[in-house]
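To keep things clear, I will list the structure first and then write my remarks on it.
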Amino acid sequence: MLLSRSKVMEEVTGAQIIAEALKSQNVEYMFGIVGVPIIEVAMAAQVAGIKYVGMRNEQAACYAASAVGYLTGHPAVCLVVSGPGLIHALGGMANANMNCWPVIVIGGSSDRNQETTGAFQEFPQVEACRLYSKFAARPGSLAMIPAVVEKAVRSSIYGRPGACYIDIPGDMVNGRVEQTSVRFPSCCPPPPVSLASSQEIAKASRVLREAQRPLLIIGKGAAYGRAEKGIRELVEVMGLPFLPTPMGKGVLPDDHPSCVSAARSRSLLQADVVVLLGARLNWMLHFGFPPRFSPHVKVIQVDLCAEELSNNVRATVALLGDVRAVVGQLLQSFRSDPWRYPSDSAWWVTLREKMASNAQISKRLALRTTLPMNYYTVFQHMAELLPRDCIIVSEGANTMDIGRTMLHNHYPRHRLDAGTFGTMGVGLGFAVAAAVLERSQQTGRRVVCVEGDSAFGFSGMEVETMCRYKLPVIIIIINNNGIYSGVGPETWREMEKMGELTTVAPPVTLLPEARYEQVMCAFGGRGYLVRTVEELRSALQQSLADIASPSILNVLIDPASDRKQQEFPWLTRSSL
């Protein structure tokens with residue numbers, strides 16, 4: 001009897017091995033929805049000291065896990081059940097891969113001895129995930145689990161970061177093996193840092209010195225790469241104008257005197273030398289094509305992915321390497337042979353004039369006192385009240401685009417939005433992740449999630465997650481009754497009289513003046529219905545003062561409110 005008990009004590013389950021393997025790779029956070037066959041994995045993770053956050057939808061869980069990867073530089077885990085559970089998480093995996101964010105997805109699957117029999121939720125999971133990840137594998141045995149976990153973590157952060165998938169059959173979760181037969185690899189080291197060639201650095205220096213209208217474009221790759229210190233020195237020592245991409249905001253403060261966001265179209269169109277720092281010439285930068293860019297623009301491109309260099313536009317100088325390290329190389333080049341772009345150049349005069357003109361247009365819109373309010377009025381008063389160091393999560397169409405211009409970021413990695421993939425539904429998952437991190441690190445920073453009413457609908461039930469874990473997220477819904485635009489209550493009632501709404505109501509419309517704030521109240525949070533500037537300011541001040549519970553501000557705006565006229569829209573197909 002004693003021998004039998006000793007033997008049992010030496011055995012470990014697959015769930016325990018997974019948890020210990022993750023812990024040995026310094027994985028700290030797990031998001032997911034449990035069920036057969038992975039309940040025991042979540043429980044074992046908690047025993048191992050991993051923080052588990054139970055979500056309401058697998059997509060939101062994967063968005064949250066990937067946001068932790070971006071914000072910390074180390075992957076979190078998204079844990080999902082087999083079949084449909086994994087399929088729901090594929091959107092989050094694709095989003096992570098497109099954004100180049102590390103995340104590990106662990107999916108339960110059918111028992112191995114039931115494959116091809118029509119087992120419960122049977123699905124070719126490893127094969128499916130290869131389309132959405134850098135690495136996808138199923139361990140061949142319980143003893144192999146730690147090695148596969150180490151490779152997944154390493155693959156997620158080495159090279160271009162991205163999603164990795166580990167498949168765990170149900171019979172492996174509760175299967176047992178002698179502890180001595182399991183070898184745990186040591187934690188993988190941080191990604192190796194690569195430098196650009198010295199010849200290319202010298203060439204980049206020459207091209208910049210010859211530039212008449214230089215422009216730095218700072219992407220979220222620079223934020224992920226922790227390059228903010230070097231980029232600030234590069235901007236300030238050399239006197240260069242810079243333009244952040246949406247999630248590049250805050251690498252340098254938006255109110256920095258060299259930031260030309262308010263003259264975005266003009267700066268892109270007329271620059272003769274563009275330096276891409278962790279940004280890609282994709283749809284967000286109009287592919288680098290005319291008429292958005294000069295046909296003669298010279299591109300100095302910094303990227304850690306060789307395949308990205310010269311994509312869409314041939315790079316005049318291709319600097320392959322880690323963005324922080326390469327910026328350091330550029331700084332060293334200009335320290336040894338100092339040069340500064342003149343602050344009184346015609347280029348700076350042009351940019352400052354355009355910024356002042358655009359600022360005046362936005363200010364006029366913001367000062368309108370008519371009701372319902374417009375986007376600009378709402379964002380103007382939000383900007384006056386939000387803390388300088390708050391984390392801003394934003395998604396929607398006009399809500400995200402106008403908010404990007406009016407809600408400033410002052411610190412790196414303080415803005416999360418729809419990103420490269422243009423994914424709607426990411427907001428609440430991102431906000432949960434950011435709030436969990438801020439509470440764990442005891443920073444005291446607030447997380448403010450600014451949602452269009454359409455965007456909120458994708459993952460609105462995650463407000464229960466926020467209430468359950470007492471995450472004091474402030475959700476501000478800019479409610480215009482529709483997708484892009486909606487109609488008011490009177491117009492809606494008229495349409496109801498006209499016949500069946502499925503044939504009458506425009507596809508972009510949503511229910512007018514929906515009471516989204518009551519969703520938060522249902523779970524114990526605070527909800528505010530906002531129609532006026534006074535109500536907006538009061539509700540936001542109360543929400544900022546409440547550090548114990550989440551809140552929703554349902555801000556009703558004019559359904560016809562729109563953006564000011566754009567010189568070039570973000571998404572343009574005619575030039576392709």
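Order determines the names: the first chain of the structure tokens is A, the second B, and so forth; residues in each chain are numbered 1 upward, and ligands are numbered 1 upward as they are shown.
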Shell around range 10-24 of chain A at 7 Å using only C-alpha atoms, local window under 6 positions removed, as a PyMOL selection string = chain A and resi 40-41+44-45+48+142+145-146+149+172-179+184+186-187
Neighbours of Cys129 in chain A within 10 Å (only C-alpha atoms; same-chain residues fewer than 4 positions away dropped), as a CSV table (one decimal) with C-alpha atoms, in the first residue's frame?
chain,number,residue,atom,x,y,z
A,86,LEU,CA,-11.4,27.5,-31.0
A,87,ILE,CA,-13.1,28.7,-34.1
A,89,ALA,CA,-10.8,32.5,-31.1
A,90,LEU,CA,-9.5,32.5,-34.7
A,93,MET,CA,-5.4,35.0,-33.5
A,94,ALA,CA,-5.7,36.6,-37.0
A,105,VAL,CA,-3.7,30.0,-27.8
A,124,PRO,CA,-9.0,19.8,-37.7
A,125,GLN,CA,-7.7,22.3,-35.2
A,133,SER,CA,-0.5,31.6,-36.6
A,134,LYS,CA,3.3,31.4,-36.8
A,135,PHE,CA,3.4,28.0,-35.1
A,136,ALA,CA,0.7,25.3,-34.5
A,137,ALA,CA,1.4,21.9,-33.0
A,163,ALA,CA,0.1,34.1,-32.5
A,164,CYS,CA,1.0,30.4,-31.8
A,165,TYR,CA,-1.3,27.5,-31.2
A,166,ILE,CA,-1.0,24.4,-29.0
A,167,ASP,CA,-3.5,21.6,-29.3
Find the residues around range 357-374 of chain A up to 8 Å (only C-alpha atoms counted), leave out those fewer than 6 positions away in its own chain, and share them as an MDAnalysis selection string.
-> chainID A and resid 262:263 380 531:533 556:558 561:562 564
Just-selected residues, N, CA and C atoms written as a PDB file, in the first residue's frame:
ATOM      1  N   ALA A 262      -1.779  66.976 -36.952  1.00  0.00           N
ATOM      2  CA  ALA A 262      -2.834  67.863 -37.443  1.00  0.00           C
ATOM      3  C   ALA A 262      -2.634  68.260 -38.896  1.00  0.00           C
ATOM      4  N   ALA A 263      -1.511  67.889 -39.486  1.00  0.00           N
ATOM      5  CA  ALA A 263      -1.269  68.134 -40.912  1.00  0.00           C
ATOM      6  C   ALA A 263      -0.896  66.825 -41.590  1.00  0.00           C
ATOM      7  N   GLN A 380     -13.928  67.174 -27.272  1.00  0.00           N
ATOM      8  CA  GLN A 380     -13.280  68.353 -26.686  1.00  0.00           C
ATOM      9  C   GLN A 380     -13.405  68.324 -25.163  1.00  0.00           C
ATOM     10  N   ARG A 531     -26.860  63.486 -22.495  1.00  0.00           N
ATOM     11  CA  ARG A 531     -27.368  64.218 -23.653  1.00  0.00           C
ATOM     12  C   ARG A 531     -26.704  65.587 -23.818  1.00  0.00           C
ATOM     13  N   THR A 532     -26.209  66.165 -22.728  1.00  0.00           N
ATOM     14  CA  THR A 532     -25.699  67.533 -22.768  1.00  0.00           C
ATOM     15  C   THR A 532     -24.245  67.586 -22.300  1.00  0.00           C
ATOM     16  N   VAL A 533     -23.607  68.716 -22.571  1.00  0.00           N
ATOM     17  CA  VAL A 533     -22.231  68.914 -22.116  1.00  0.00           C
ATOM     18  C   VAL A 533     -22.148  68.820 -20.601  1.00  0.00           C
ATOM     19  N   LEU A 556     -25.434  60.341 -26.173  1.00  0.00           N
ATOM     20  CA  LEU A 556     -26.260  60.459 -27.366  1.00  0.00           C
ATOM     21  C   LEU A 556     -25.823  61.672 -28.181  1.00  0.00           C
ATOM     22  N   ILE A 557     -25.468  61.421 -29.441  1.00  0.00           N
ATOM     23  CA  ILE A 557     -25.055  62.517 -30.320  1.00  0.00           C
ATOM     24  C   ILE A 557     -25.970  62.574 -31.533  1.00  0.00           C
ATOM     25  N   ASP A 558     -25.810  63.610 -32.315  1.00  0.00           N
ATOM     26  CA  ASP A 558     -26.596  63.800 -33.534  1.00  0.00           C
ATOM     27  C   ASP A 558     -26.322  62.646 -34.503  1.00  0.00           C
ATOM     28  N   SER A 561     -24.131  63.550 -37.337  1.00  0.00           N
ATOM     29  CA  SER A 561     -22.799  64.102 -37.086  1.00  0.00           C
ATOM     30  C   SER A 561     -21.760  63.334 -37.886  1.00  0.00           C
ATOM     31  N   ASP A 562     -20.786  64.075 -38.418  1.00  0.00           N
ATOM     32  CA  ASP A 562     -19.789  63.439 -39.282  1.00  0.00           C
ATOM     33  C   ASP A 562     -18.440  64.099 -39.067  1.00  0.00           C
ATOM     34  N   LYS A 564     -15.094  66.296 -40.182  1.00  0.00           N
ATOM     35  CA  LYS A 564     -14.826  67.423 -41.062  1.00  0.00           C
ATOM     36  C   LYS A 564     -14.295  66.886 -42.389  1.00  0.00           C
TER      37      LYS A 564
END
Give the answer as one residue: which of A:Gly488, A:Leu71, A:Thr465, A:Ala560 has the shortest atom-to-atom distance to Phe523 in chain A, using only C-alpha atoms?
->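 With only C-alpha atoms as the atom set, the closest residue is A:Thr465.
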DSSP helix (DSSP H, G or I) selection over range 85-233 of chain A, as a PyMOL selection string = chain A and resi 85-99+112-114+125-129+142-157+170-173+179-181+198-209+220-224+228-233
With C-alpha atoms retained, could you export that selection as a short mmCIF file (atom, residue, chain, number, x, y, z; two decimals), in the first residue's frame?
data_model
loop_
_atom_site.label_atom_id
_atom_site.label_comp_id
_atom_site.auth_asym_id
_atom_site.auth_seq_id
_atom_site.Cartn_x
_atom_site.Cartn_y
_atom_site.Cartn_z
CA GLY A 85 -14.58 27.46 -28.97
CA LEU A 86 -11.38 27.47 -30.98
CA ILE A 87 -13.12 28.74 -34.11
CA HIS A 88 -14.40 31.75 -32.15
CA ALA A 89 -10.82 32.49 -31.09
CA LEU A 90 -9.48 32.49 -34.66
CA GLY A 91 -10.49 36.14 -35.09
CA GLY A 92 -8.26 37.08 -32.17
CA MET A 93 -5.40 35.00 -33.55
CA ALA A 94 -5.68 36.64 -36.96
CA ASN A 95 -5.79 40.08 -35.35
CA ALA A 96 -2.68 39.32 -33.29
CA ASN A 97 -0.80 38.06 -36.32
CA MET A 98 -1.70 41.12 -38.39
CA ASN A 99 -0.72 43.46 -35.55
CA ARG A 112 -7.01 10.94 -29.76
CA ASN A 113 -8.67 7.51 -29.82
CA GLN A 114 -11.86 9.10 -31.21
CA GLN A 125 -7.74 22.34 -35.23
CA VAL A 126 -4.00 22.28 -35.85
CA GLU A 127 -4.52 22.49 -39.59
CA ALA A 128 -7.00 25.36 -39.25
CA CYS A 129 -4.73 27.35 -36.96
CA LEU A 142 2.59 14.28 -22.16
CA ALA A 143 6.34 14.40 -21.69
CA MET A 144 6.67 16.59 -24.81
CA ILE A 145 4.28 19.30 -23.60
CA PRO A 146 6.96 21.53 -21.97
CA ALA A 147 9.10 21.50 -25.12
CA VAL A 148 6.15 22.50 -27.30
CA VAL A 149 5.17 25.25 -24.85
CA GLU A 150 8.73 26.62 -24.89
CA LYS A 151 8.80 26.62 -28.68
CA ALA A 152 5.42 28.35 -28.88
CA VAL A 153 6.50 31.10 -26.46
CA ARG A 154 9.81 31.53 -28.27
CA SER A 155 8.16 31.61 -31.71
CA SER A 156 5.61 34.17 -30.54
CA ILE A 157 8.27 36.74 -29.59
CA GLY A 170 -8.98 15.74 -23.95
CA ASP A 171 -7.33 12.48 -22.95
CA MET A 172 -4.05 14.35 -22.43
CA VAL A 173 -5.55 16.82 -19.94
CA GLN A 179 7.04 13.25 -13.04
CA THR A 180 10.63 12.12 -13.58
CA SER A 181 9.90 11.48 -17.28
CA SER A 198 26.93 50.08 -41.05
CA GLN A 199 26.89 50.83 -44.80
CA GLU A 200 23.12 51.24 -44.78
CA ILE A 201 23.29 53.43 -41.66
CA ALA A 202 25.79 55.70 -43.43
CA LYS A 203 23.55 55.82 -46.49
CA ALA A 204 20.51 56.71 -44.36
CA SER A 205 22.50 59.53 -42.79
CA ARG A 206 23.39 60.95 -46.20
CA VAL A 207 19.82 60.76 -47.49
CA LEU A 208 18.46 62.53 -44.41
CA ARG A 209 21.04 65.30 -44.57
CA LYS A 220 3.26 50.70 -33.20
CA GLY A 221 6.33 48.57 -33.90
CA ALA A 222 8.35 51.35 -32.31
CA ALA A 223 6.04 51.28 -29.29
CA TYR A 224 6.28 47.50 -29.01
CA GLU A 228 10.69 55.81 -27.27
CA LYS A 229 13.83 57.14 -25.59
CA GLY A 230 15.98 56.94 -28.71
CA ILE A 231 13.25 58.29 -30.99
CA ARG A 232 12.71 61.30 -28.74
CA GLU A 233 16.43 62.08 -28.89
#
Near range 294-307 of chain A, counting only C-alpha atoms, which residues have an atom at most 9 Å away, once you skip same-chain residues fewer than 6 positions from it, shown as a ChimeraX atom specification?
-> /A:159-160,194,196,204,207-208,221,268-280,288,313-323,326-327
Expected file: the selected residues, N, CA, C and O atoms, as a short mmCIF file (atom, residue, chain, number, x, y, z; two decimals), in the first residue's frame:
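As written to disk, again_18.cif reads:
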data_model
loop_
_atom_site.label_atom_id
_atom_site.label_comp_id
_atom_site.auth_asym_id
_atom_site.auth_seq_id
_atom_site.Cartn_x
_atom_site.Cartn_y
_atom_site.Cartn_z
N GLY A 159 11.70 37.17 -33.96
CA GLY A 159 11.40 37.65 -35.30
C GLY A 159 10.20 38.57 -35.23
O GLY A 159 10.06 39.39 -34.33
N ARG A 160 9.31 38.48 -36.21
CA ARG A 160 8.07 39.25 -36.17
C ARG A 160 7.12 38.55 -35.20
O ARG A 160 6.75 37.39 -35.42
N SER A 194 19.08 42.51 -33.35
CA SER A 194 19.87 42.60 -34.57
C SER A 194 20.10 44.05 -34.94
O SER A 194 19.25 44.92 -34.70
N ALA A 196 21.36 46.95 -37.99
CA ALA A 196 21.46 47.20 -39.43
C ALA A 196 22.93 47.28 -39.83
O ALA A 196 23.81 47.54 -39.00
N ALA A 204 21.68 56.04 -44.93
CA ALA A 204 20.51 56.71 -44.36
C ALA A 204 20.87 58.11 -43.87
O ALA A 204 20.11 59.07 -44.05
N VAL A 207 21.13 60.44 -46.91
CA VAL A 207 19.82 60.76 -47.49
C VAL A 207 19.07 61.77 -46.62
O VAL A 207 18.45 62.71 -47.13
N LEU A 208 19.14 61.59 -45.30
CA LEU A 208 18.46 62.53 -44.41
C LEU A 208 19.07 63.93 -44.47
O LEU A 208 18.36 64.94 -44.48
N GLY A 221 5.13 49.39 -34.07
CA GLY A 221 6.33 48.57 -33.90
C GLY A 221 7.37 49.26 -33.05
O GLY A 221 8.10 48.62 -32.29
N LEU A 268 2.32 63.82 -45.49
CA LEU A 268 2.55 62.62 -46.31
C LEU A 268 2.71 62.98 -47.78
O LEU A 268 3.57 62.44 -48.48
N LEU A 269 1.90 63.91 -48.24
CA LEU A 269 1.88 64.24 -49.66
C LEU A 269 3.16 64.93 -50.12
O LEU A 269 3.66 64.68 -51.22
N GLN A 270 3.71 65.80 -49.28
CA GLN A 270 4.81 66.64 -49.74
C GLN A 270 6.19 66.23 -49.22
O GLN A 270 7.20 66.81 -49.64
N ALA A 271 6.26 65.25 -48.33
CA ALA A 271 7.57 64.82 -47.83
C ALA A 271 8.41 64.25 -48.97
O ALA A 271 7.91 63.51 -49.82
N ASP A 272 9.69 64.61 -48.98
CA ASP A 272 10.58 64.03 -50.00
C ASP A 272 11.41 62.88 -49.44
O ASP A 272 11.91 62.05 -50.20
N VAL A 273 11.55 62.81 -48.10
CA VAL A 273 12.21 61.67 -47.46
C VAL A 273 11.36 61.25 -46.27
O VAL A 273 11.05 62.06 -45.39
N VAL A 274 10.95 59.99 -46.26
CA VAL A 274 10.14 59.44 -45.17
C VAL A 274 10.94 58.34 -44.47
O VAL A 274 11.49 57.45 -45.12
N VAL A 275 11.01 58.44 -43.14
CA VAL A 275 11.68 57.42 -42.34
C VAL A 275 10.61 56.62 -41.63
O VAL A 275 9.87 57.15 -40.80
N LEU A 276 10.50 55.34 -41.96
CA LEU A 276 9.51 54.46 -41.34
C LEU A 276 10.14 53.77 -40.14
O LEU A 276 11.04 52.94 -40.29
N LEU A 277 9.66 54.08 -38.95
CA LEU A 277 10.17 53.48 -37.71
C LEU A 277 9.11 52.55 -37.15
O LEU A 277 8.20 52.97 -36.43
N GLY A 278 9.18 51.28 -37.50
CA GLY A 278 8.20 50.32 -37.01
C GLY A 278 6.82 50.52 -37.59
O GLY A 278 5.82 50.16 -36.96
N ALA A 279 6.73 51.10 -38.76
CA ALA A 279 5.46 51.29 -39.47
C ALA A 279 5.57 50.63 -40.84
O ALA A 279 6.65 50.49 -41.40
N ARG A 280 4.41 50.22 -41.36
CA ARG A 280 4.38 49.54 -42.65
C ARG A 280 3.59 50.35 -43.67
O ARG A 280 2.62 51.02 -43.32
N GLY A 288 1.91 53.95 -49.55
CA GLY A 288 3.03 54.74 -50.03
C GLY A 288 2.86 55.23 -51.46
O GLY A 288 3.80 55.76 -52.05
N VAL A 313 6.60 49.99 -51.93
CA VAL A 313 7.49 51.03 -52.45
C VAL A 313 8.93 50.61 -52.18
O VAL A 313 9.27 50.24 -51.06
N ARG A 314 9.76 50.69 -53.20
CA ARG A 314 11.16 50.30 -53.05
C ARG A 314 11.85 51.23 -52.06
O ARG A 314 11.85 52.46 -52.21
N ALA A 315 12.44 50.66 -51.03
CA ALA A 315 13.14 51.46 -50.03
C ALA A 315 14.45 52.00 -50.61
O ALA A 315 15.23 51.25 -51.19
N THR A 316 14.67 53.30 -50.43
CA THR A 316 15.96 53.88 -50.80
C THR A 316 17.05 53.36 -49.88
O THR A 316 18.17 53.08 -50.31
N VAL A 317 16.70 53.22 -48.61
CA VAL A 317 17.60 52.63 -47.62
C VAL A 317 16.79 51.63 -46.80
O VAL A 317 15.76 51.99 -46.22
N ALA A 318 17.24 50.39 -46.75
CA ALA A 318 16.55 49.34 -46.00
C ALA A 318 17.40 48.98 -44.78
O ALA A 318 18.51 48.45 -44.92
N LEU A 319 16.88 49.30 -43.61
CA LEU A 319 17.61 49.05 -42.35
C LEU A 319 16.94 47.88 -41.64
O LEU A 319 15.93 48.02 -40.95
N LEU A 320 17.51 46.71 -41.82
CA LEU A 320 16.98 45.49 -41.23
C LEU A 320 17.52 45.33 -39.81
O LEU A 320 18.73 45.18 -39.62
N GLY A 321 16.61 45.40 -38.81
CA GLY A 321 17.06 45.22 -37.45
C GLY A 321 16.02 45.65 -36.44
O GLY A 321 14.94 46.13 -36.79
N ASP A 322 16.37 45.48 -35.18
CA ASP A 322 15.51 45.90 -34.08
C ASP A 322 15.40 47.42 -34.07
O ASP A 322 16.41 48.13 -34.13
N VAL A 323 14.17 47.94 -33.98
CA VAL A 323 13.97 49.38 -34.16
C VAL A 323 14.71 50.19 -33.09
O VAL A 323 15.29 51.24 -33.41
N VAL A 326 18.44 50.07 -34.03
CA VAL A 326 18.75 50.81 -35.25
C VAL A 326 18.66 52.32 -35.01
O VAL A 326 19.49 53.09 -35.51
N VAL A 327 17.67 52.75 -34.23
CA VAL A 327 17.60 54.17 -33.87
C VAL A 327 18.87 54.58 -33.13
O VAL A 327 19.42 55.67 -33.35
#
How would you write, as a list in words, the set of residues in range 158-200 of chain A that DSSP gives as strand (DSSP E)?
->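 Assigned to strand (DSSP E), within range 158-200 of chain A: Ala163, Cys164, Tyr165, Ile166, Asp167, Ile168, Pro169, Arg176, Val177 and Glu178 of chain A.
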Record the distance separating CA of Val448 in chain A and CA of Val473 in chain A, expressed in Å with one decimal.
->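 Calculated distance between CA of Val448 in chain A and CA of Val473 in chain A is 6.0 Å.
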Residue nearest Asn57 in chain A - candidates A:Ala522, A:Val34, A:Met247, A:Leu386, atoms counted: only C-alpha atoms | A:Val34
Measure the distance from CA of Pro190 in chain A to CA of Val103 in chain A in Å and round it to one decimal.
-> 15.2 Å
Among A:Phe120, A:Trp347, A:Trp283, A:Trp339, Gln212 in chain A is approached most closely, using only C-alpha atoms, by A:Trp347
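Among the candidates A:Asn311, A:Pro189, A:Ile483, A:Ile547, the one nearest to Ala435 in chain A when counting only C-alpha atoms is A:Ile547.
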